[in-house]
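Below: the structure, in structure tokens.
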There are 2 protein chains.
Amino acid sequence: MSLQLLKALTYLRGASGLLSQIQRNTAHIKTWSWREKIANQAQTKVFFGTSSCIWSTTSWGSKKQKRSVQLRSATADFIMSNPEIEQQLAPLRERVQEQGNLVRELKAKGAAELDVKKAVAELKVRKKALEEKELALTPSVVSFDRAKMEDLLKRRFFYDQSFAIYGGITGQYDFGPMGCALKSNILALWRQFFSLEEQMLEVDCSMLTPEPVLKASGHVERFADLMVKDVKTGECFRLDHLIKQALEKLCKAKDATAALQAECEDIIIKLDGLNKQELSDVLAKYQIKSPLTGNDLTEPIEFNLMFATQIGPTGLVKGFLRPETAQGIFVNFKRLLEFNQGRLPFAVAQIGNSFRNEISPRSGLIRVREFTMAEIEHFCDPVLKDHPKFKNVASEKLTLYSACNQMDGKSAQQSTIGEAVASKLVANETLGYYMARIQQFLHAIGIKPECLRFRQHMGNEMAHYACDCWDAEILTSYGWVECVGCADRSAYDLSQHSAATGVRLVAEKRLPAPKTVEVSEIVPNKQALGKTFKKDAKAITEALAKLSLDDIKSVETQLSAGGQYKLTLSDGATHELGAETIGVKHSTKTVHVEEFIPSVVEPSFGIGRIMYALLEHSFQCRDGDEQRCYFTLPPLVAPLKCSILPLSNNAEFQPYTQQLSASLTKAELSHKVDDSSGSIGRRYARTDEIAIPYGITVDFDTLKEPHTVTLRDRNTMKQVRLGLDVVVGVVKDLATARLTWTQVLEQYPAFEQQETTK
Amino acid sequence: MSLQLLKALTYLRGASGLLSQIQRNTAHIKTWSWREKIANQAQTKVFFGTSSCIWSTTSWGSKKQKRSVQLRSATADFIMSNPEIEQQLAPLRERVQEQGNLVRELKAKGAAELDVKKAVAELKVRKKALEEKELALTPSVVSFDRAKMEDLLKRRFFYDQSFAIYGGITGQYDFGPMGCALKSNILALWRQFFSLEEQMLEVDCSMLTPEPVLKASGHVERFADLMVKDVKTGECFRLDHLIKQALEKLCKAKDATAALQAECEDIIIKLDGLNKQELSDVLAKYQIKSPLTGNDLTEPIEFNLMFATQIGPTGLVKGFLRPETAQGIFVNFKRLLEFNQGRLPFAVAQIGNSFRNEISPRSGLIRVREFTMAEIEHFCDPVLKDHPKFKNVASEKLTLYSACNQMDGKSAQQSTIGEAVASKLVANETLGYYMARIQQFLHAIGIKPECLRFRQHMGNEMAHYACDCWDAEILTSYGWVECVGCADRSAYDLSQHSAATGVRLVAEKRLPAPKTVEVSEIVPNKQALGKTFKKDAKAITEALAKLSLDDIKSVETQLSAGGQYKLTLSDGATHELGAETIGVKHSTKTVHVEEFIPSVVEPSFGIGRIMYALLEHSFQCRDGDEQRCYFTLPPLVAPLKCSILPLSNNAEFQPYTQQLSASLTKAELSHKVDDSSGSIGRRYARTDEIAIPYGITVDFDTLKEPHTVTLRDRNTMKQVRLGLDVVVGVVKDLATARLTWTQVLEQYPAFEQQETTK
């Protein structure tokens, strides 16, 4: 087993402890790309990616279930490479596959829904058994202490609850100096990595969004969670959380029978797949009351997760805080296409805040009411989804957890993106290109490669319009957390806004050869219309111009039969039109271009989630001193690049400290001067806590010619001695990844004193 | 007259046309720092800065009035340096000053309010006469065509109305690729200029703010405008706008008598100073109806400008979208002070969006519902407002329009900030330091120096707690627009939040020598309390611990008289406590530190307003071709730094174009490849429109060895020929202001072809 793998496993076990604990922690983490869910709720039957898998919407693959399944992927390589363990697991794997096949069969022959559900439930039980066995067979070495990390984050104000002096608001966080700088640096790198590199068009759209826009996108109708209220106090509970908590309590009660326990566990497993009525039945059956007061609860209520407000003073224009940034791009499509001189493909990027009024937010930065997203909408010709730069990333190796593997009880697999696209596992080059770039970006900021995978959406998760969708999931102590969604969304969004506004959101492409097309149009007799309909004539003429080809055919049929055509205006009024007022003209014309609605490939980054995962991945404690914790954030994203520490408060050090600070500022290197009275070791520890990668110490040797200082590396705690005149350049090169610490060690003499807490 | 001055005047006249037009355009532009107004509304009598000026709140100095007065400041130098003109103005100046003195006198002796108001109205009339004369005497040369600029901004999607395909929402704008990049670049420079340079702590706080926070800050009660509604349609009108519009219409009516005209004009001038009742009287007197329907209007209604929403599902937690970013910093003061190891001074920065639900937003980017601010809160010891880096900026020359000059009919004056602080015109070094830095920043991004001034708040504008406040105002075609506020806000905000939460938002400083202080404290007899008050004992003990020194004295007095002390708990319950349950203990202790509430100096930048002013200042049309317009944005902030234009679509050019693009990306230079079919001149014109400062053209000479390209400067349209291997380095140096175009011209041979629109 490689060291890297061992580390991954260690991390996994340490971070999660027991499977059951992970399940408890993760059940409330919702998918990032809610839009999939929104579209999905309207869907009846879907088809996706690989030809062997046809699947329809059922309770299968609920979020909780998937999360626990997926924990295996990090352990998969270890297990697969260990024949003895694999032997123990083989019968369990078989049982999963057997049941999976049964489910497929039932669906294929259109069995009764209840039978399918039962089969799926059994499948889940078998998968759970497999996963637990897998985890039990992986070794555990050290433990990740989330509380300790959170304490440090709070103490050094990386981020903390907003408005704490007013009692605080759950699900809202303020980023302090270090959190804000980390976020800024991640976003700056993101801009460079995506916007600049791909010459994307970056936009900055309004957050306050009028209702019709979000009606068209489906958010007004379907962006909701179920909740219940305490009938007396009005306290609200998210329904699925509440039931889970209540049933878990029932199971643990002293008098709980084995039958009751099994029953409750079964419901908990199926929870995400139950509809409103079924959940209501569970509430009634187990007489679930408010956990706070014991009062009765209301029937389940759908609670829309958007923050509503009024725009302007009339109280008539309803608006919402946007639940995602993407809609701002779609409604500007025409302007953007024009800016790009009418050419496809092009990509639009946006970084900005979005808002979701969670019923009961938990899990720190992972589930919040206000968050920063970075989204890309790549518009392209639906029949040409190749990507000119795909070859540059084709050999990038990704951990892919395909929908089929998820259903077959198999593990995630490593593959180059080139192979994955060639085999059609990933739908097209453009989607594959972005997946590879997402991975490169996440690696660059410091996400551990062994804790990153791409999970394909399964049938019941993926929107009916989407061709393919992969989530970049990062393993944290909350389990696998979806941090970046990457979906081929076809023409869905532009179509919706076109339909809602009547504005054609289309692109044009030149036909291989000019084409002759038949044109049918209504020719109004304006004079006769005016005479007959007076002031309504204008509205009638306008309505006629909007008739579809089918309508025109219908007009023709009726007129030629000597009848009247009944025209309905937008205000509902109807008018009868005869041959004396309108006619139908046929002609042909030569067209050189055809219009089409572009497809959209959308990578969508949850910046807060990525930041949180990065903090977990970089949290460390010094060997033998559990109190000295620090973050190994890469210099590229570290909040501050360098510290300057005078050895003592001797006044002679001051000019050097000031000169260094001025030079670092000139070199655009964020830094911190710590001339407080603590020992140098103690001050190093303080700078380690806020992830400063390099420290310059001014000591008595600095005063002598040639002036020198020491430079210390946070991760290794090693130091070198180098000239005062070169140190800023060296730090600049280190901070911009043009130089590694190993190279510095080779170039400059080691220095081995100072590091003492005394 | 210097060329610069001539330009300023030209610009001023050109931009504004007639004074009356400016007044029409600017009357609806509100002050940026609303907080001043909020605090101000609570104030009765104020005192400010320079000792010779004592002023109380009256209708004096209404916004409109001030704006027109201030137009003179840009023309002042011209006029003052022209004795002939000054001679014509002298009698008018005298009349203003004479009346100004009368007003002062009336106020000093406490004359009746009506008399003062009358005197102020007369003063305004005299000032208006002076201003009109001044403007009439300044030469007009070219005209600034706002419509043409706005057309370009829209056509090339710098920004445009949000949700336009849905009909749009007034007061909300989406920034397209060029606007977004310009904004990003301004903010990046801002971060470097302020945060990095001063090692500020940058934070990123929640936008959704619970009600109690904004109650404490005064926004819930006083952040409102007056409006009236159409009684039938519900249409809303901002009251002051409506009255102004109605009276102007009355004046213009054919049958308007001179008396009516004078009456209306008088009201228009006084408008901003009228209270709710007075405005209501005006409505009634002139029988003002809805301008859209002629329907009756409601009585004036106070409309709070914050967007309200509910946080969480209960409907019980009221929240608002923050109207400014500053409060997020104040509520985090304790954490930030701790992060700074308890030391003062330190500065906190925040960039983020704020929201104001304007009744009827107009004036493009200047008055919007959603906008980006960059705010700094500099916390310091109230008695030590010096600044260690003040000496670095002391010689910076600013145009200062002091409160006294505004009252005395005098012009703005030039002064170094060093002199201004020394003479106490500017209250302290810290405030002065930021004013100078604000100016340096605005110059760096391209604001014209002759169109920038600092205007001091007068008594009725400045909050009662503020020591001094100066607005950086930029001259645009809307008149002088407040773009950056810079206020010494004393301890107001921290005190408010302390009072509201009971959390001590204070800093400590070491006393010069330890001090012995007397300590009085209540000593509860816990046993007796418990026995007597049972479950209330705990609340009583807590309430006793919170008693003030005065309360303790009162306890002592009552107990020693054998009485009972009546203690009121926070829930309103009262308890009588006698000597058997509590006592008072006196002791002394030696203290080494004292607590104090820090003062705050606050520079607050309105990024959208600055951007708009910058676009106006940099808008140009080519001599002799009014259709070829462009923006002279400095390379540092220009959206894209460079274009790459192959001379034609000859395939041989492609490798060079691609190579250049890759090199520019590597050098982190945003750029645009335009290989469309237009002539090179036409493509240059297109890149000029989006402010690209430099253009590289690949032509047939590029194909030959040594490979060369041409580099073109947008502003001068001059070109040089230089090596393909050096051009990216040259552009990088130009874009980061390490090299000027003049230097490039000296270094490389000129190239004089290509520039043709044919």
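Identifiers for the structure tokens are assigned positionally: chains receive A, B, ... in sequence, residues are indexed from 1 per chain, and ligands are indexed from 1 in the order shown.
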Can you list every residue of segment 582-669 of chain B that has an atom at most 10 Å from segment 468-478 of chain B, with its nearest atom pair and the distance in Å to one decimal, using only C-alpha atoms, ordered by chain then number, as JSON lines?
```
{"residue": "B:Val601", "atom": "CA", "partner": "B:Cys469", "partner_atom": "CA", "distance": 9.3}
{"residue": "B:Glu602", "atom": "CA", "partner": "B:Cys469", "partner_atom": "CA", "distance": 9.2}
{"residue": "B:Pro603", "atom": "CA", "partner": "B:Asp471", "partner_atom": "CA", "distance": 9.1}
{"residue": "B:Ser604", "atom": "CA", "partner": "B:Asp471", "partner_atom": "CA", "distance": 9.4}
{"residue": "B:Phe605", "atom": "CA", "partner": "B:Ala472", "partner_atom": "CA", "distance": 9.2}
{"residue": "B:Arg609", "atom": "CA", "partner": "B:Ile474", "partner_atom": "CA", "distance": 9.1}
{"residue": "B:Ile610", "atom": "CA", "partner": "B:Ile474", "partner_atom": "CA", "distance": 8.1}
{"residue": "B:Tyr612", "atom": "CA", "partner": "B:Thr476", "partner_atom": "CA", "distance": 8.7}
{"residue": "B:Ala613", "atom": "CA", "partner": "B:Thr476", "partner_atom": "CA", "distance": 6.0}
{"residue": "B:Leu614", "atom": "CA", "partner": "B:Thr476", "partner_atom": "CA", "distance": 9.1}
{"residue": "B:Leu615", "atom": "CA", "partner": "B:Thr476", "partner_atom": "CA", "distance": 9.8}
{"residue": "B:Glu616", "atom": "CA", "partner": "B:Thr476", "partner_atom": "CA", "distance": 6.8}
{"residue": "B:His617", "atom": "CA", "partner": "B:Thr476", "partner_atom": "CA", "distance": 7.8}
```
Can you list, as a ChimeraX atom specification, all residues belonging to segment 126-256 of chain B that DSSP tags as alpha helix (DSSP H)?
/B:126-137,146-155,177-190,211-216,219-222,239-252
Could you list, as a PDB file with N, CA and C atoms, in the first residue's frame, the residues of chain A having an atom within 7 Å of chain B when counting only C-alpha atoms?
```
ATOM      1  N   ARG A 156      -8.621  32.604  16.115  1.00  0.00           N
ATOM      2  CA  ARG A 156      -7.845  33.515  15.276  1.00  0.00           C
ATOM      3  C   ARG A 156      -8.727  34.164  14.213  1.00  0.00           C
ATOM      4  N   PHE A 157     -10.026  34.107  14.427  1.00  0.00           N
ATOM      5  CA  PHE A 157     -11.021  34.778  13.591  1.00  0.00           C
ATOM      6  C   PHE A 157     -10.832  34.558  12.086  1.00  0.00           C
ATOM      7  N   SER A 162     -22.036  35.366  12.490  1.00  0.00           N
ATOM      8  CA  SER A 162     -22.333  36.786  12.314  1.00  0.00           C
ATOM      9  C   SER A 162     -23.151  37.319  13.490  1.00  0.00           C
ATOM     10  N   PHE A 163     -22.951  38.589  13.794  1.00  0.00           N
ATOM     11  CA  PHE A 163     -23.745  39.307  14.787  1.00  0.00           C
ATOM     12  C   PHE A 163     -23.750  38.601  16.148  1.00  0.00           C
ATOM     13  N   ILE A 165     -22.479  39.388  18.943  1.00  0.00           N
ATOM     14  CA  ILE A 165     -22.776  40.188  20.143  1.00  0.00           C
ATOM     15  C   ILE A 165     -24.279  40.433  20.281  1.00  0.00           C
ATOM     16  N   TYR A 166     -25.018  40.194  19.215  1.00  0.00           N
ATOM     17  CA  TYR A 166     -26.480  40.289  19.284  1.00  0.00           C
ATOM     18  C   TYR A 166     -27.118  38.908  19.433  1.00  0.00           C
ATOM     19  N   GLN A 172     -25.177  32.048   9.188  1.00  0.00           N
ATOM     20  CA  GLN A 172     -24.508  33.228   8.630  1.00  0.00           C
ATOM     21  C   GLN A 172     -23.148  33.379   9.299  1.00  0.00           C
ATOM     22  N   TYR A 173     -22.150  33.635   8.492  1.00  0.00           N
ATOM     23  CA  TYR A 173     -20.796  33.744   9.012  1.00  0.00           C
ATOM     24  C   TYR A 173     -20.109  34.998   8.512  1.00  0.00           C
ATOM     25  N   ASP A 174     -19.311  35.594   9.376  1.00  0.00           N
ATOM     26  CA  ASP A 174     -18.442  36.689   8.972  1.00  0.00           C
ATOM     27  C   ASP A 174     -17.031  36.138   8.816  1.00  0.00           C
ATOM     28  N   PHE A 175     -16.394  36.512   7.733  1.00  0.00           N
ATOM     29  CA  PHE A 175     -15.009  36.120   7.550  1.00  0.00           C
ATOM     30  C   PHE A 175     -14.106  37.200   8.132  1.00  0.00           C
ATOM     31  N   GLY A 176     -13.283  36.792   9.087  1.00  0.00           N
ATOM     32  CA  GLY A 176     -12.320  37.715   9.667  1.00  0.00           C
ATOM     33  C   GLY A 176     -11.146  37.896   8.718  1.00  0.00           C
ATOM     34  N   PRO A 177     -10.105  38.604   9.184  1.00  0.00           N
ATOM     35  CA  PRO A 177      -8.993  38.943   8.286  1.00  0.00           C
ATOM     36  C   PRO A 177      -8.385  37.730   7.576  1.00  0.00           C
ATOM     37  N   CYS A 180     -11.062  36.058   5.178  1.00  0.00           N
ATOM     38  CA  CYS A 180     -11.326  36.938   4.041  1.00  0.00           C
ATOM     39  C   CYS A 180     -10.154  36.900   3.065  1.00  0.00           C
ATOM     40  N   LEU A 196      -9.157  34.259 -16.954  1.00  0.00           N
ATOM     41  CA  LEU A 196      -8.047  34.756 -17.761  1.00  0.00           C
ATOM     42  C   LEU A 196      -7.593  33.694 -18.748  1.00  0.00           C
ATOM     43  N   GLU A 197      -7.390  32.492 -18.247  1.00  0.00           N
ATOM     44  CA  GLU A 197      -6.860  31.406 -19.076  1.00  0.00           C
ATOM     45  C   GLU A 197      -7.757  31.116 -20.281  1.00  0.00           C
ATOM     46  N   LEU A 201     -15.846  35.745 -20.477  1.00  0.00           N
ATOM     47  CA  LEU A 201     -16.472  37.027 -20.220  1.00  0.00           C
ATOM     48  C   LEU A 201     -16.972  36.985 -18.779  1.00  0.00           C
ATOM     49  N   GLU A 202     -16.401  37.822 -17.939  1.00  0.00           N
ATOM     50  CA  GLU A 202     -16.875  37.817 -16.552  1.00  0.00           C
ATOM     51  C   GLU A 202     -17.915  38.909 -16.366  1.00  0.00           C
ATOM     52  N   VAL A 203     -19.005  38.565 -15.694  1.00  0.00           N
ATOM     53  CA  VAL A 203     -20.057  39.543 -15.457  1.00  0.00           C
ATOM     54  C   VAL A 203     -20.361  39.641 -13.963  1.00  0.00           C
ATOM     55  N   ASP A 204     -21.116  40.647 -13.610  1.00  0.00           N
ATOM     56  CA  ASP A 204     -21.430  40.920 -12.212  1.00  0.00           C
ATOM     57  C   ASP A 204     -22.880  41.400 -12.202  1.00  0.00           C
ATOM     58  N   CYS A 205     -23.795  40.505 -11.881  1.00  0.00           N
ATOM     59  CA  CYS A 205     -25.226  40.805 -12.026  1.00  0.00           C
ATOM     60  C   CYS A 205     -25.890  41.047 -10.671  1.00  0.00           C
ATOM     61  N   SER A 206     -27.081  41.610 -10.738  1.00  0.00           N
ATOM     62  CA  SER A 206     -27.844  41.948  -9.536  1.00  0.00           C
ATOM     63  C   SER A 206     -28.205  40.706  -8.722  1.00  0.00           C
ATOM     64  N   GLY A 234     -44.820  27.994  17.388  1.00  0.00           N
ATOM     65  CA  GLY A 234     -44.481  28.403  16.033  1.00  0.00           C
ATOM     66  C   GLY A 234     -43.072  27.994  15.607  1.00  0.00           C
ATOM     67  N   GLU A 235     -42.334  27.379  16.511  1.00  0.00           N
ATOM     68  CA  GLU A 235     -40.977  26.895  16.201  1.00  0.00           C
ATOM     69  C   GLU A 235     -41.016  25.964  14.976  1.00  0.00           C
ATOM     70  N   CYS A 236     -40.039  26.133  14.074  1.00  0.00           N
ATOM     71  CA  CYS A 236     -40.056  25.339  12.840  1.00  0.00           C
ATOM     72  C   CYS A 236     -38.996  24.239  12.859  1.00  0.00           C
ATOM     73  N   PHE A 307     -35.217  34.073  -0.005  1.00  0.00           N
ATOM     74  CA  PHE A 307     -35.554  35.236   0.803  1.00  0.00           C
ATOM     75  C   PHE A 307     -36.384  36.178  -0.067  1.00  0.00           C
ATOM     76  N   ALA A 308     -37.587  36.474   0.378  1.00  0.00           N
ATOM     77  CA  ALA A 308     -38.463  37.351  -0.398  1.00  0.00           C
ATOM     78  C   ALA A 308     -38.373  38.780   0.108  1.00  0.00           C
ATOM     79  N   THR A 309     -38.566  39.721  -0.791  1.00  0.00           N
ATOM     80  CA  THR A 309     -38.626  41.123  -0.385  1.00  0.00           C
ATOM     81  C   THR A 309     -39.449  41.883  -1.421  1.00  0.00           C
ATOM     82  N   GLN A 310     -39.621  43.177  -1.209  1.00  0.00           N
ATOM     83  CA  GLN A 310     -40.344  44.024  -2.151  1.00  0.00           C
ATOM     84  C   GLN A 310     -39.344  44.957  -2.804  1.00  0.00           C
ATOM     85  N   ILE A 311     -39.393  45.084  -4.106  1.00  0.00           N
ATOM     86  CA  ILE A 311     -38.526  46.042  -4.778  1.00  0.00           C
ATOM     87  C   ILE A 311     -39.331  47.304  -5.044  1.00  0.00           C
ATOM     88  N   GLY A 312     -38.798  48.428  -4.611  1.00  0.00           N
ATOM     89  CA  GLY A 312     -39.514  49.696  -4.773  1.00  0.00           C
ATOM     90  C   GLY A 312     -40.556  49.856  -3.689  1.00  0.00           C
ATOM     91  N   PRO A 313     -41.184  51.020  -3.640  1.00  0.00           N
ATOM     92  CA  PRO A 313     -42.044  51.354  -2.497  1.00  0.00           C
ATOM     93  C   PRO A 313     -43.500  50.912  -2.645  1.00  0.00           C
ATOM     94  N   THR A 314     -43.907  50.440  -3.824  1.00  0.00           N
ATOM     95  CA  THR A 314     -45.338  50.186  -4.014  1.00  0.00           C
ATOM     96  C   THR A 314     -45.824  48.937  -3.313  1.00  0.00           C
ATOM     97  N   VAL A 331     -30.151  35.527 -18.457  1.00  0.00           N
ATOM     98  CA  VAL A 331     -30.999  36.635 -18.922  1.00  0.00           C
ATOM     99  C   VAL A 331     -30.192  37.658 -19.727  1.00  0.00           C
ATOM    100  N   ARG A 335     -26.962  39.937 -24.990  1.00  0.00           N
ATOM    101  CA  ARG A 335     -25.909  40.962 -24.947  1.00  0.00           C
ATOM    102  C   ARG A 335     -24.533  40.321 -25.011  1.00  0.00           C
ATOM    103  N   PHE A 339     -21.635  40.735 -27.652  1.00  0.00           N
ATOM    104  CA  PHE A 339     -20.290  41.168 -27.266  1.00  0.00           C
ATOM    105  C   PHE A 339     -19.249  40.254 -27.893  1.00  0.00           C
ATOM    106  N   ASN A 357     -32.659  30.483   2.283  1.00  0.00           N
ATOM    107  CA  ASN A 357     -33.204  30.616   3.636  1.00  0.00           C
ATOM    108  C   ASN A 357     -33.419  29.236   4.250  1.00  0.00           C
ATOM    109  N   GLU A 358     -32.331  28.586   4.626  1.00  0.00           N
ATOM    110  CA  GLU A 358     -32.403  27.235   5.171  1.00  0.00           C
ATOM    111  C   GLU A 358     -33.306  27.202   6.393  1.00  0.00           C
ATOM    112  N   ILE A 359     -34.012  26.089   6.556  1.00  0.00           N
ATOM    113  CA  ILE A 359     -34.915  25.976   7.703  1.00  0.00           C
ATOM    114  C   ILE A 359     -34.124  25.874   8.999  1.00  0.00           C
ATOM    115  N   THR A 501     -40.351  35.154 -21.856  1.00  0.00           N
ATOM    116  CA  THR A 501     -40.262  36.566 -22.264  1.00  0.00           C
ATOM    117  C   THR A 501     -40.620  36.790 -23.723  1.00  0.00           C
ATOM    118  N   VAL A 503     -38.493  36.615 -25.924  1.00  0.00           N
ATOM    119  CA  VAL A 503     -37.243  37.066 -26.550  1.00  0.00           C
ATOM    120  C   VAL A 503     -36.480  35.825 -27.017  1.00  0.00           C
ATOM    121  N   THR A 665       5.789  45.134   0.883  1.00  0.00           N
ATOM    122  CA  THR A 665       4.619  45.844   0.362  1.00  0.00           C
ATOM    123  C   THR A 665       4.832  46.177  -1.106  1.00  0.00           C
ATOM    124  N   SER A 670       1.549  40.273   1.011  1.00  0.00           N
ATOM    125  CA  SER A 670       0.876  40.543   2.269  1.00  0.00           C
ATOM    126  C   SER A 670       1.702  39.933   3.393  1.00  0.00           C
TER     127      SER A 670
END
```
Residue contacts of Val393 of chain B (10 Å, only C-alpha atoms) excluding same-chain residues fewer than 4 positions away, as a count of residues only
12
